[in-house]
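Here is the file upload_28.pdb (PDB, C-alpha atoms, pLDDT in the B column).
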MODEL        1
ATOM      1  CA  MET R1105      90.244  99.222  82.065  1.00 44.00           C
ATOM      2  CA  SER R1106      90.485  95.479  81.563  1.00 47.00           C
ATOM      3  CA  MET R1107      89.527  93.075  84.299  1.00 56.00           C
ATOM      4  CA  GLU R1108      92.937  91.361  84.235  1.00 75.00           C
ATOM      5  CA  LYS R1109      94.130  89.800  87.475  1.00 90.00           C
ATOM      6  CA  ILE R1110      96.005  92.445  89.426  1.00 95.00           C
ATOM      7  CA  SER R1111      98.633  91.182  91.843  1.00 95.00           C
ATOM      8  CA  GLY R1112      97.572  91.884  95.419  1.00 95.00           C
ATOM      9  CA  TYR R1113      94.089  93.033  94.469  1.00 96.00           C
ATOM     10  CA  THR R1114      91.990  90.871  96.774  1.00 95.00           C
ATOM     11  CA  TYR R1115      88.616  92.595  96.761  1.00 95.00           C
ATOM     12  CA  GLY R1116      86.048  90.100  98.036  1.00 93.00           C
ATOM     13  CA  GLU R1117      88.805  87.710  99.110  1.00 93.00           C
ATOM     14  CA  THR R1118      90.247  89.471 102.159  1.00 83.00           C
ATOM     15  CA  GLU R1119      91.091  87.285 105.126  1.00 82.00           C
ATOM     16  CA  ASN R1120      90.090  89.785 107.765  1.00 86.00           C
ATOM     17  CA  ARG R1121      86.585  91.020 108.329  1.00 94.00           C
ATOM     18  CA  ALA R1122      86.491  94.722 109.104  1.00 96.00           C
ATOM     19  CA  PRO R1123      86.042  95.621 112.773  1.00 95.00           C
ATOM     20  CA  PHE R1124      83.312  98.029 111.671  1.00 94.00           C
ATOM     21  CA  ASN R1125      79.936  97.163 110.194  1.00 96.00           C
ATOM     22  CA  LEU R1126      77.216  98.578 107.972  1.00 97.00           C
ATOM     23  CA  GLU R1127      75.678 100.538 110.849  1.00 97.00           C
ATOM     24  CA  ASP R1128      79.078 102.159 111.491  1.00 96.00           C
ATOM     25  CA  LEU R1129      79.265 102.950 107.781  1.00 97.00           C
ATOM     26  CA  LYS R1130      75.782 104.470 107.796  1.00 98.00           C
ATOM     27  CA  LEU R1131      76.777 106.837 110.606  1.00 98.00           C
ATOM     28  CA  LEU R1132      80.068 107.721 108.936  1.00 98.00           C
ATOM     29  CA  LYS R1133      78.241 108.461 105.683  1.00 98.00           C
ATOM     30  CA  GLU R1134      75.965 110.814 107.608  1.00 98.00           C
ATOM     31  CA  ALA R1135      79.032 112.507 109.119  1.00 98.00           C
ATOM     32  CA  VAL R1136      80.440 113.287 105.641  1.00 98.00           C
ATOM     33  CA  MET R1137      76.986 114.104 104.242  1.00 98.00           C
ATOM     34  CA  PHE R1138      77.161 111.204 101.769  1.00 98.00           C
ATOM     35  CA  ALA R1139      73.652 110.585 100.412  1.00 97.00           C
ATOM     36  CA  ALA R1140      71.893 108.581  97.700  1.00 97.00           C
ATOM     37  CA  GLU R1141      72.500 111.399  95.205  1.00 98.00           C
ATOM     38  CA  ASP R1142      76.238 111.027  95.826  1.00 98.00           C
ATOM     39  CA  GLU R1143      76.026 107.337  94.905  1.00 97.00           C
ATOM     40  CA  GLU R1144      74.349 108.313  91.641  1.00 98.00           C
ATOM     41  CA  TYR R1145      76.985 110.931  90.844  1.00 98.00           C
ATOM     42  CA  LEU R1146      79.850 108.622  91.800  1.00 98.00           C
ATOM     43  CA  GLN R1147      78.602 106.111  89.239  1.00 98.00           C
ATOM     44  CA  LYS R1148      78.435 108.891  86.671  1.00 98.00           C
ATOM     45  CA  ALA R1149      81.987 109.871  87.654  1.00 98.00           C
ATOM     46  CA  GLY R1150      83.078 106.272  87.097  1.00 98.00           C
ATOM     47  CA  GLU R1151      81.778 106.430  83.538  1.00 98.00           C
ATOM     48  CA  VAL R1152      83.586 109.724  82.971  1.00 98.00           C
ATOM     49  CA  LEU R1153      86.867 108.573  84.513  1.00 98.00           C
ATOM     50  CA  GLU R1154      87.111 105.024  83.191  1.00 97.00           C
ATOM     51  CA  ASP R1155      89.158 105.864  80.099  1.00 98.00           C
ATOM     52  CA  GLN R1156      91.201 108.520  81.950  1.00 98.00           C
ATOM     53  CA  VAL R1157      92.548 106.380  84.791  1.00 98.00           C
ATOM     54  CA  GLU R1158      96.113 106.200  83.484  1.00 98.00           C
ATOM     55  CA  GLU R1159      96.270 109.958  82.986  1.00 98.00           C
ATOM     56  CA  ILE R1160      94.904 110.508  86.500  1.00 98.00           C
ATOM     57  CA  LEU R1161      97.575 108.198  87.885  1.00 98.00           C
ATOM     58  CA  ASP R1162     100.243 110.041  85.891  1.00 98.00           C
ATOM     59  CA  THR R1163      99.098 113.225  87.635  1.00 98.00           C
ATOM     60  CA  TRP R1164      99.122 111.653  91.097  1.00 97.00           C
ATOM     61  CA  TYR R1165     102.398 109.807  90.601  1.00 97.00           C
ATOM     62  CA  GLY R1166     103.949 113.013  89.258  1.00 97.00           C
ATOM     63  CA  PHE R1167     102.853 114.779  92.423  1.00 97.00           C
ATOM     64  CA  VAL R1168     104.255 112.058  94.696  1.00 97.00           C
ATOM     65  CA  GLY R1169     107.444 111.795  92.649  1.00 96.00           C
ATOM     66  CA  SER R1170     108.074 115.530  92.893  1.00 97.00           C
ATOM     67  CA  HIS R1171     107.966 115.404  96.704  1.00 97.00           C
ATOM     68  CA  PRO R1172     110.802 113.320  98.171  1.00 96.00           C
ATOM     69  CA  HIS R1173     109.056 113.044 101.550  1.00 95.00           C
ATOM     70  CA  LEU R1174     106.120 111.280  99.817  1.00 96.00           C
ATOM     71  CA  LEU R1175     108.203 109.195  97.417  1.00 97.00           C
ATOM     72  CA  TYR R1176     110.118 108.021 100.495  1.00 97.00           C
ATOM     73  CA  TYR R1177     107.332 105.552 101.296  1.00 96.00           C
ATOM     74  CA  PHE R1178     108.139 103.649  98.091  1.00 97.00           C
ATOM     75  CA  THR R1179     111.901 103.437  98.516  1.00 97.00           C
ATOM     76  CA  SER R1180     114.234 100.495  99.001  1.00 96.00           C
ATOM     77  CA  PRO R1181     116.571 100.331 102.010  1.00 94.00           C
ATOM     78  CA  ASP R1182     119.225 102.186  99.989  1.00 95.00           C
ATOM     79  CA  GLY R1183     116.811 105.126  99.581  1.00 94.00           C
ATOM     80  CA  THR R1184     116.107 104.722  95.870  1.00 97.00           C
ATOM     81  CA  PRO R1185     112.548 104.471  94.570  1.00 97.00           C
ATOM     82  CA  ASP R1186     111.469 100.852  94.062  1.00 97.00           C
ATOM     83  CA  GLU R1187     110.057 100.983  90.535  1.00 97.00           C
ATOM     84  CA  LYS R1188     108.507  97.499  90.715  1.00 96.00           C
ATOM     85  CA  TYR R1189     106.755  98.430  93.958  1.00 97.00           C
ATOM     86  CA  LEU R1190     105.475 101.688  92.461  1.00 97.00           C
ATOM     87  CA  ALA R1191     104.182  99.819  89.400  1.00 97.00           C
ATOM     88  CA  ALA R1192     102.408  97.154  91.481  1.00 97.00           C
ATOM     89  CA  VAL R1193     100.731  99.773  93.669  1.00 97.00           C
ATOM     90  CA  ARG R1194      99.740 101.756  90.573  1.00 97.00           C
ATOM     91  CA  LYS R1195      97.731  98.819  89.191  1.00 97.00           C
ATOM     92  CA  ARG R1196      95.779  98.518  92.441  1.00 97.00           C
ATOM     93  CA  PHE R1197      95.401 102.299  92.605  1.00 97.00           C
ATOM     94  CA  SER R1198      93.742 102.193  89.183  1.00 97.00           C
ATOM     95  CA  ARG R1199      91.222  99.671  90.489  1.00 97.00           C
ATOM     96  CA  TRP R1200      90.677 101.826  93.572  1.00 98.00           C
ATOM     97  CA  ILE R1201      89.551 104.742  91.390  1.00 98.00           C
ATOM     98  CA  LEU R1202      86.951 102.584  89.665  1.00 98.00           C
ATOM     99  CA  ASP R1203      85.952 100.769  92.869  1.00 98.00           C
ATOM    100  CA  THR R1204      85.375 104.117  94.565  1.00 98.00           C
ATOM    101  CA  CYS R1205      82.887 104.997  91.856  1.00 98.00           C
ATOM    102  CA  ASN R1206      81.304 101.669  91.017  1.00 97.00           C
ATOM    103  CA  ARG R1207      81.299  99.290  93.969  1.00 97.00           C
ATOM    104  CA  SER R1208      78.412  98.865  96.372  1.00 97.00           C
ATOM    105  CA  TYR R1209      79.462 100.140  99.749  1.00 97.00           C
ATOM    106  CA  ASP R1210      78.564  96.860 101.460  1.00 97.00           C
ATOM    107  CA  GLN R1211      80.369  94.560 103.904  1.00 96.00           C
ATOM    108  CA  ALA R1212      82.773  93.277 101.217  1.00 96.00           C
ATOM    109  CA  TRP R1213      83.669  96.892 100.440  1.00 97.00           C
ATOM    110  CA  LEU R1214      84.145  97.616 104.158  1.00 97.00           C
ATOM    111  CA  ASP R1215      86.370  94.561 104.528  1.00 97.00           C
ATOM    112  CA  TYR R1216      88.548  95.767 101.670  1.00 97.00           C
ATOM    113  CA  GLN R1217      88.802  99.268 103.143  1.00 97.00           C
ATOM    114  CA  TYR R1218      90.095  97.637 106.311  1.00 97.00           C
ATOM    115  CA  GLU R1219      92.627  95.722 104.227  1.00 97.00           C
ATOM    116  CA  ILE R1220      93.777  98.928 102.524  1.00 97.00           C
ATOM    117  CA  GLY R1221      94.244 100.587 105.909  1.00 97.00           C
ATOM    118  CA  LEU R1222      96.325  97.636 107.130  1.00 97.00           C
ATOM    119  CA  ARG R1223      98.483  97.832 103.998  1.00 97.00           C
ATOM    120  CA  HIS R1224      99.360 101.472 104.708  1.00 97.00           C
ATOM    121  CA  HIS R1225     100.138 100.691 108.355  1.00 98.00           C
ATOM    122  CA  ARG R1226     103.058  98.694 109.738  1.00 97.00           C
ATOM    123  CA  THR R1227     100.605  95.823 110.288  1.00 96.00           C
ATOM    124  CA  LYS R1228     100.831  94.783 106.609  1.00 96.00           C
ATOM    125  CA  LYS R1229     102.841  97.376 104.683  1.00 97.00           C
ATOM    126  CA  ASN R1230     105.211  95.764 102.185  1.00 97.00           C
ATOM    127  CA  ARG R1231     103.741  92.258 102.602  1.00 96.00           C
ATOM    128  CA  THR R1232     101.397  92.370  99.617  1.00 96.00           C
ATOM    129  CA  ASP R1233     104.258  93.003  97.198  1.00 96.00           C
ATOM    130  CA  ASN R1234     106.951  91.263  99.266  1.00 97.00           C
ATOM    131  CA  VAL R1235     109.195  94.326  99.223  1.00 97.00           C
ATOM    132  CA  GLU R1236     111.666  95.873 101.609  1.00 96.00           C
ATOM    133  CA  SER R1237     110.577  99.457 102.028  1.00 97.00           C
ATOM    134  CA  VAL R1238     109.668 101.927 104.719  1.00 96.00           C
ATOM    135  CA  PRO R1239     107.617  99.958 107.283  1.00 96.00           C
ATOM    136  CA  ASN R1240     104.776 102.432 107.810  1.00 97.00           C
ATOM    137  CA  ILE R1241     103.113 105.341 106.016  1.00 97.00           C
ATOM    138  CA  GLY R1242     102.677 108.263 108.377  1.00 96.00           C
ATOM    139  CA  TYR R1243      98.986 108.755 109.070  1.00 96.00           C
ATOM    140  CA  ARG R1244      99.257 112.498 108.556  1.00 97.00           C
ATOM    141  CA  TYR R1245      99.985 111.854 104.871  1.00 97.00           C
ATOM    142  CA  LEU R1246      96.892 109.688 104.424  1.00 96.00           C
ATOM    143  CA  VAL R1247      94.800 112.605 105.637  1.00 97.00           C
ATOM    144  CA  ALA R1248      96.777 115.240 103.752  1.00 97.00           C
ATOM    145  CA  PHE R1249      96.566 113.278 100.500  1.00 97.00           C
ATOM    146  CA  ILE R1250      92.779 113.670 100.478  1.00 98.00           C
ATOM    147  CA  TYR R1251      93.260 117.138  99.036  1.00 98.00           C
ATOM    148  CA  PRO R1252      95.487 116.403  96.008  1.00 97.00           C
ATOM    149  CA  ILE R1253      93.482 113.278  95.154  1.00 97.00           C
ATOM    150  CA  THR R1254      90.349 115.411  95.196  1.00 97.00           C
ATOM    151  CA  ALA R1255      91.516 118.757  93.795  1.00 97.00           C
ATOM    152  CA  THR R1256      93.194 117.175  90.775  1.00 97.00           C
ATOM    153  CA  MET R1257      90.042 115.229  89.879  1.00 98.00           C
ATOM    154  CA  LYS R1258      87.827 118.122  88.779  1.00 97.00           C
ATOM    155  CA  PRO R1259      89.466 118.725  85.373  1.00 98.00           C
ATOM    156  CA  PHE R1260      89.065 115.033  84.522  1.00 98.00           C
ATOM    157  CA  LEU R1261      85.409 115.091  85.542  1.00 98.00           C
ATOM    158  CA  ALA R1262      84.818 118.142  83.322  1.00 98.00           C
ATOM    159  CA  ARG R1263      86.108 116.564  80.098  1.00 97.00           C
ATOM    160  CA  LYS R1264      82.991 114.792  78.875  1.00 97.00           C
ATOM    161  CA  GLY R1265      80.614 117.689  78.306  1.00 97.00           C
ATOM    162  CA  HIS R1266      78.614 117.582  81.530  1.00 98.00           C
ATOM    163  CA  THR R1267      77.161 120.797  82.887  1.00 98.00           C
ATOM    164  CA  PRO R1268      79.140 122.660  85.553  1.00 98.00           C
ATOM    165  CA  GLU R1269      76.455 121.618  88.064  1.00 98.00           C
ATOM    166  CA  GLU R1270      76.875 117.918  87.162  1.00 98.00           C
ATOM    167  CA  VAL R1271      80.666 118.203  87.345  1.00 98.00           C
ATOM    168  CA  GLU R1272      80.392 119.817  90.777  1.00 98.00           C
ATOM    169  CA  LYS R1273      78.080 117.049  92.012  1.00 98.00           C
ATOM    170  CA  MET R1274      80.474 114.356  90.747  1.00 98.00           C
ATOM    171  CA  TYR R1275      83.373 116.220  92.339  1.00 98.00           C
ATOM    172  CA  GLN R1276      81.611 116.550  95.702  1.00 98.00           C
ATOM    173  CA  ALA R1277      80.634 112.860  95.628  1.00 98.00           C
ATOM    174  CA  TRP R1278      84.283 111.938  94.929  1.00 98.00           C
ATOM    175  CA  PHE R1279      85.465 114.202  97.771  1.00 98.00           C
ATOM    176  CA  LYS R1280      83.027 112.624 100.231  1.00 98.00           C
ATOM    177  CA  ALA R1281      83.896 109.083  99.132  1.00 98.00           C
ATOM    178  CA  THR R1282      87.634 109.746  99.474  1.00 98.00           C
ATOM    179  CA  THR R1283      87.190 111.265 102.927  1.00 98.00           C
ATOM    180  CA  LEU R1284      84.996 108.347 103.960  1.00 98.00           C
ATOM    181  CA  GLN R1285      87.611 105.827 102.886  1.00 98.00           C
ATOM    182  CA  VAL R1286      90.514 107.565 104.592  1.00 98.00           C
ATOM    183  CA  ALA R1287      88.436 107.663 107.776  1.00 97.00           C
ATOM    184  CA  LEU R1288      88.035 103.883 107.499  1.00 98.00           C
ATOM    185  CA  TRP R1289      91.730 103.385 106.734  1.00 97.00           C
ATOM    186  CA  SER R1290      92.534 105.115 110.026  1.00 97.00           C
ATOM    187  CA  TYR R1291      91.497 102.085 112.081  1.00 96.00           C
ATOM    188  CA  PRO R1292      94.962 100.500 112.501  1.00 96.00           C
ATOM    189  CA  TYR R1293      96.442 103.886 113.383  1.00 97.00           C
ATOM    190  CA  VAL R1294      94.236 104.692 116.364  1.00 94.00           C
ATOM    191  CA  LYS R1295      94.357 103.288 119.861  1.00 89.00           C
ATOM    192  CA  SER R1296      91.882 100.634 120.838  1.00 86.00           C
ATOM    193  CA  GLY R1297      88.545 102.205 121.669  1.00 85.00           C
ATOM    194  CA  ASP R1298      89.347 105.494 119.913  1.00 88.00           C
ATOM    195  CA  PHE R1299      87.981 104.664 116.457  1.00 84.00           C
TER     196      PHE R1299
ENDMDL
END
Please render this file's structure as structure tokens.
Amino acid sequence: MSMEKISGYTYGETENRAPFNLEDLKLLKEAVMFAAEDEEYLQKAGEVLEDQVEEILDTWYGFVGSHPHLLYYFTSPDGTPDEKYLAAVRKRFSRWILDTCNRSYDQAWLDYQYEIGLRHHRTKKNRTDNVESVPNIGYRYLVAFIYPITATMKPFLARKGHTPEEVEKMYQAWFKATTLQVALWSYPYVKSGDF
């Protein structure tokens, strides 16, 4: 994927520092059993997935589009899907796939996870793309979406001739990384002191 400027993609430029730090991340990684080997296999997954990103997004967008209660979060006030909004989010979603695999999970990464959480929550939803849409994504769907974003990944990981064991390790690393990120995105949804 080219490194073209993606509207709203502000990795490393976010205004808000995350209210969690590297020690919090270390403990959360331990909670999801994310280890150094997972970092290695995530990078390998990034190499495998890089030229498949658009096909992965076709799969995910097809899933969302076939479920009106999920597509709802990308609709205009009249209830129709906002195609420009969907396209803008798709470009950032493509970067998210590669960032998940290739970025260092450092403070800049944490800050951007916080930003992503805010953009799903009423705190900042719709602002990035200056759209009029549903004001908040229900938290239950962030959690529930871990499964389709993980389960659909395995066939893509298996396409480049890696052994079943390597594919499984890439898959498990992806699963852990996705769970880790959704846990971080939960911050704006929980009451103060409950995170």
Name all residues at most 10 Å from Glu1158 in chain R (count all atoms listed in the file; drop same-chain ones fewer than 6 positions away) and give them as a ChimeraX atom specification. /R:1105,1164,1194-1195,1197-1198
Using the chain letters and residue numbers of this document, give as a CSV table (one decimal) with C-alpha atoms, keeping the file's coordinate frame the residues selected by the PyMOL selection byres ((chain R and resi 1153) around 10).
chain,number,residue,atom,x,y,z
R,1147,GLN,CA,78.6,106.1,89.2
R,1148,LYS,CA,78.4,108.9,86.7
R,1149,ALA,CA,82.0,109.9,87.7
R,1150,GLY,CA,83.1,106.3,87.1
R,1151,GLU,CA,81.8,106.4,83.5
R,1152,VAL,CA,83.6,109.7,83.0
R,1154,GLU,CA,87.1,105.0,83.2
R,1155,ASP,CA,89.2,105.9,80.1
R,1156,GLN,CA,91.2,108.5,82.0
R,1157,VAL,CA,92.5,106.4,84.8
R,1158,GLU,CA,96.1,106.2,83.5
R,1159,GLU,CA,96.3,110.0,83.0
R,1160,ILE,CA,94.9,110.5,86.5
R,1201,ILE,CA,89.6,104.7,91.4
R,1202,LEU,CA,87.0,102.6,89.7
R,1205,CYS,CA,82.9,105.0,91.9
R,1257,MET,CA,90.0,115.2,89.9
R,1260,PHE,CA,89.1,115.0,84.5
R,1261,LEU,CA,85.4,115.1,85.5
R,1262,ALA,CA,84.8,118.1,83.3
R,1263,ARG,CA,86.1,116.6,80.1
R,1264,LYS,CA,83.0,114.8,78.9
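Of the residues listed (R:Glu1134, R:Glu1127, R:Glu1143, R:Asp1298), R:Glu1143 shows the shortest atom-to-atom separation from Thr1204 in chain R; distances use only C-alpha atoms.
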Return the single residue from R:Asp1203, R:Asp1182, R:Glu1108, R:Glu1117 that is closest to Thr1282 in chain R, with distances computed using only C-alpha atoms.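 Ranking R:Asp1203, R:Asp1182, R:Glu1108, R:Glu1117 by distance to Thr1282 in chain R, first place goes to R:Asp1203.
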Nearest residue to Gly1116 in chain R from the set R:Asp1162, R:Glu1219, R:Glu1269, R:Glu1187 (distances using all atoms listed in the file):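 The answer is R:Glu1219, which sits nearest to Gly1116 in chain R.
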Mind listing whatever residues come within 12 Å of the point (90.2, 117.4, 93.7)? Use only C-alpha atoms, file coordinates, and give them as a PyMOL selection string. chain R and resi 1160+1163-1164+1249-1262+1271-1272+1274-1283
If you apply the PyMOL selection byres ((chain R and resi 1125) around 12) to this file, what residues do you get, as a list in words?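 Selected by the PyMOL selection byres ((chain R and resi 1125) around 12) here: Arg1121, Ala1122, Pro1123, Phe1124, Leu1126, Glu1127, Asp1128, Leu1129, Lys1130, Leu1131, Leu1132, Tyr1209, Asp1210, Gln1211, Ala1212, Trp1213, Leu1214, Asp1215, Gln1217, Tyr1218 and Leu1288 of chain R.
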Could you list, as a PDB file with C-alpha atoms, keeping the file's coordinate frame, every residue within 8 Å of Val1235 in chain R, counting only C-alpha atoms and ignoring same-chain residues fewer than 2 positions away?
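Output file around.pdb is given in full below:
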ATOM      1  CA  SER R1180     114.234 100.495  99.001  1.00 96.00           C
ATOM      2  CA  TYR R1189     106.755  98.430  93.958  1.00 97.00           C
ATOM      3  CA  ASN R1230     105.211  95.764 102.185  1.00 97.00           C
ATOM      4  CA  ARG R1231     103.741  92.258 102.602  1.00 96.00           C
ATOM      5  CA  ASP R1233     104.258  93.003  97.198  1.00 96.00           C
ATOM      6  CA  SER R1237     110.577  99.457 102.028  1.00 97.00           C
TER       7      SER R1237
END
Evaluate the PyMOL selection byres ((chain R and resi 1177) around 10) against this structure - the residues, as a list of chain:residue names, please. R:Val1168, R:Pro1172, R:His1173, R:Leu1174, R:Leu1175, R:Tyr1176, R:Phe1178, R:Thr1179, R:Ser1180, R:Gly1183, R:Pro1185, R:Asp1186, R:Leu1190, R:His1224, R:Lys1229, R:Ser1237, R:Val1238, R:Pro1239, R:Asn1240, R:Ile1241, R:Gly1242
Just checking: using only C-alpha atoms, which residue out of R:Thr1227, R:Thr1232, R:Ser1290, R:Ser1170 ends up closest to Tyr1245 in chain R? R:Ser1290
All heavy atoms are what I want for range 1254-1263 of chain R; can you complete it accordingly and write them as a compact mmCIF listing (two decimals), in the frame of the given file?
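In the end it all went to rebuild_30.txt:
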# COMPACT_ATOMS: atom_id res chain seq x y z
N THR R 1254 91.64 114.80 95.51
CA THR R 1254 90.35 115.41 95.20
C THR R 1254 90.51 116.60 94.25
O THR R 1254 89.86 116.66 93.21
CB THR R 1254 89.65 115.85 96.50
OG1 THR R 1254 89.46 114.71 97.33
CG2 THR R 1254 88.30 116.47 96.21
N ALA R 1255 91.38 117.52 94.58
CA ALA R 1255 91.52 118.76 93.80
C ALA R 1255 91.91 118.49 92.35
O ALA R 1255 91.46 119.18 91.44
CB ALA R 1255 92.53 119.68 94.46
N THR R 1256 92.74 117.47 92.14
CA THR R 1256 93.19 117.18 90.78
C THR R 1256 92.13 116.46 89.94
O THR R 1256 92.28 116.32 88.73
CB THR R 1256 94.46 116.30 90.81
OG1 THR R 1256 94.19 115.12 91.56
CG2 THR R 1256 95.63 117.05 91.43
N MET R 1257 91.05 116.02 90.57
CA MET R 1257 90.04 115.23 89.88
C MET R 1257 89.09 116.08 89.03
O MET R 1257 88.58 115.63 88.01
CB MET R 1257 89.24 114.42 90.90
CG MET R 1257 88.39 113.34 90.28
SD MET R 1257 89.31 112.15 89.31
CE MET R 1257 89.99 111.13 90.60
N LYS R 1258 88.85 117.31 89.45
CA LYS R 1258 87.83 118.12 88.78
C LYS R 1258 88.06 118.29 87.27
O LYS R 1258 87.11 118.15 86.48
CB LYS R 1258 87.68 119.48 89.46
CG LYS R 1258 86.38 120.15 89.14
CD LYS R 1258 86.17 121.38 89.99
CE LYS R 1258 84.77 121.43 90.50
NZ LYS R 1258 84.50 122.58 91.34
N PRO R 1259 89.28 118.59 86.83
CA PRO R 1259 89.47 118.72 85.37
C PRO R 1259 89.12 117.45 84.61
O PRO R 1259 88.61 117.52 83.49
CB PRO R 1259 90.95 119.08 85.23
CG PRO R 1259 91.34 119.65 86.55
CD PRO R 1259 90.49 118.94 87.57
N PHE R 1260 89.40 116.30 85.18
CA PHE R 1260 89.06 115.03 84.52
C PHE R 1260 87.55 114.84 84.45
O PHE R 1260 87.02 114.36 83.45
CB PHE R 1260 89.72 113.86 85.25
CG PHE R 1260 91.22 113.88 85.18
CD1 PHE R 1260 91.98 114.27 86.27
CD2 PHE R 1260 91.89 113.52 84.02
CE1 PHE R 1260 93.36 114.31 86.22
CE2 PHE R 1260 93.28 113.54 83.95
CZ PHE R 1260 94.01 113.94 85.05
N LEU R 1261 86.87 115.22 85.51
CA LEU R 1261 85.41 115.09 85.54
C LEU R 1261 84.73 116.03 84.54
O LEU R 1261 83.62 115.77 84.09
CB LEU R 1261 84.89 115.37 86.95
CG LEU R 1261 85.29 114.34 88.01
CD1 LEU R 1261 84.95 114.86 89.41
CD2 LEU R 1261 84.61 113.00 87.75
N ALA R 1262 85.41 117.12 84.20
CA ALA R 1262 84.82 118.14 83.32
C ALA R 1262 85.04 117.86 81.83
O ALA R 1262 84.57 118.64 81.00
CB ALA R 1262 85.39 119.52 83.68
N ARG R 1263 85.70 116.79 81.49
CA ARG R 1263 86.11 116.56 80.10
C ARG R 1263 85.05 115.96 79.19
O ARG R 1263 85.29 115.84 77.99
CB ARG R 1263 87.32 115.64 80.07
CG ARG R 1263 88.58 116.31 80.49
CD ARG R 1263 89.74 115.40 80.26
NE ARG R 1263 90.99 116.07 80.59
CZ ARG R 1263 92.13 115.47 80.64
NH1 ARG R 1263 92.21 114.17 80.39
NH2 ARG R 1263 93.22 116.14 80.94
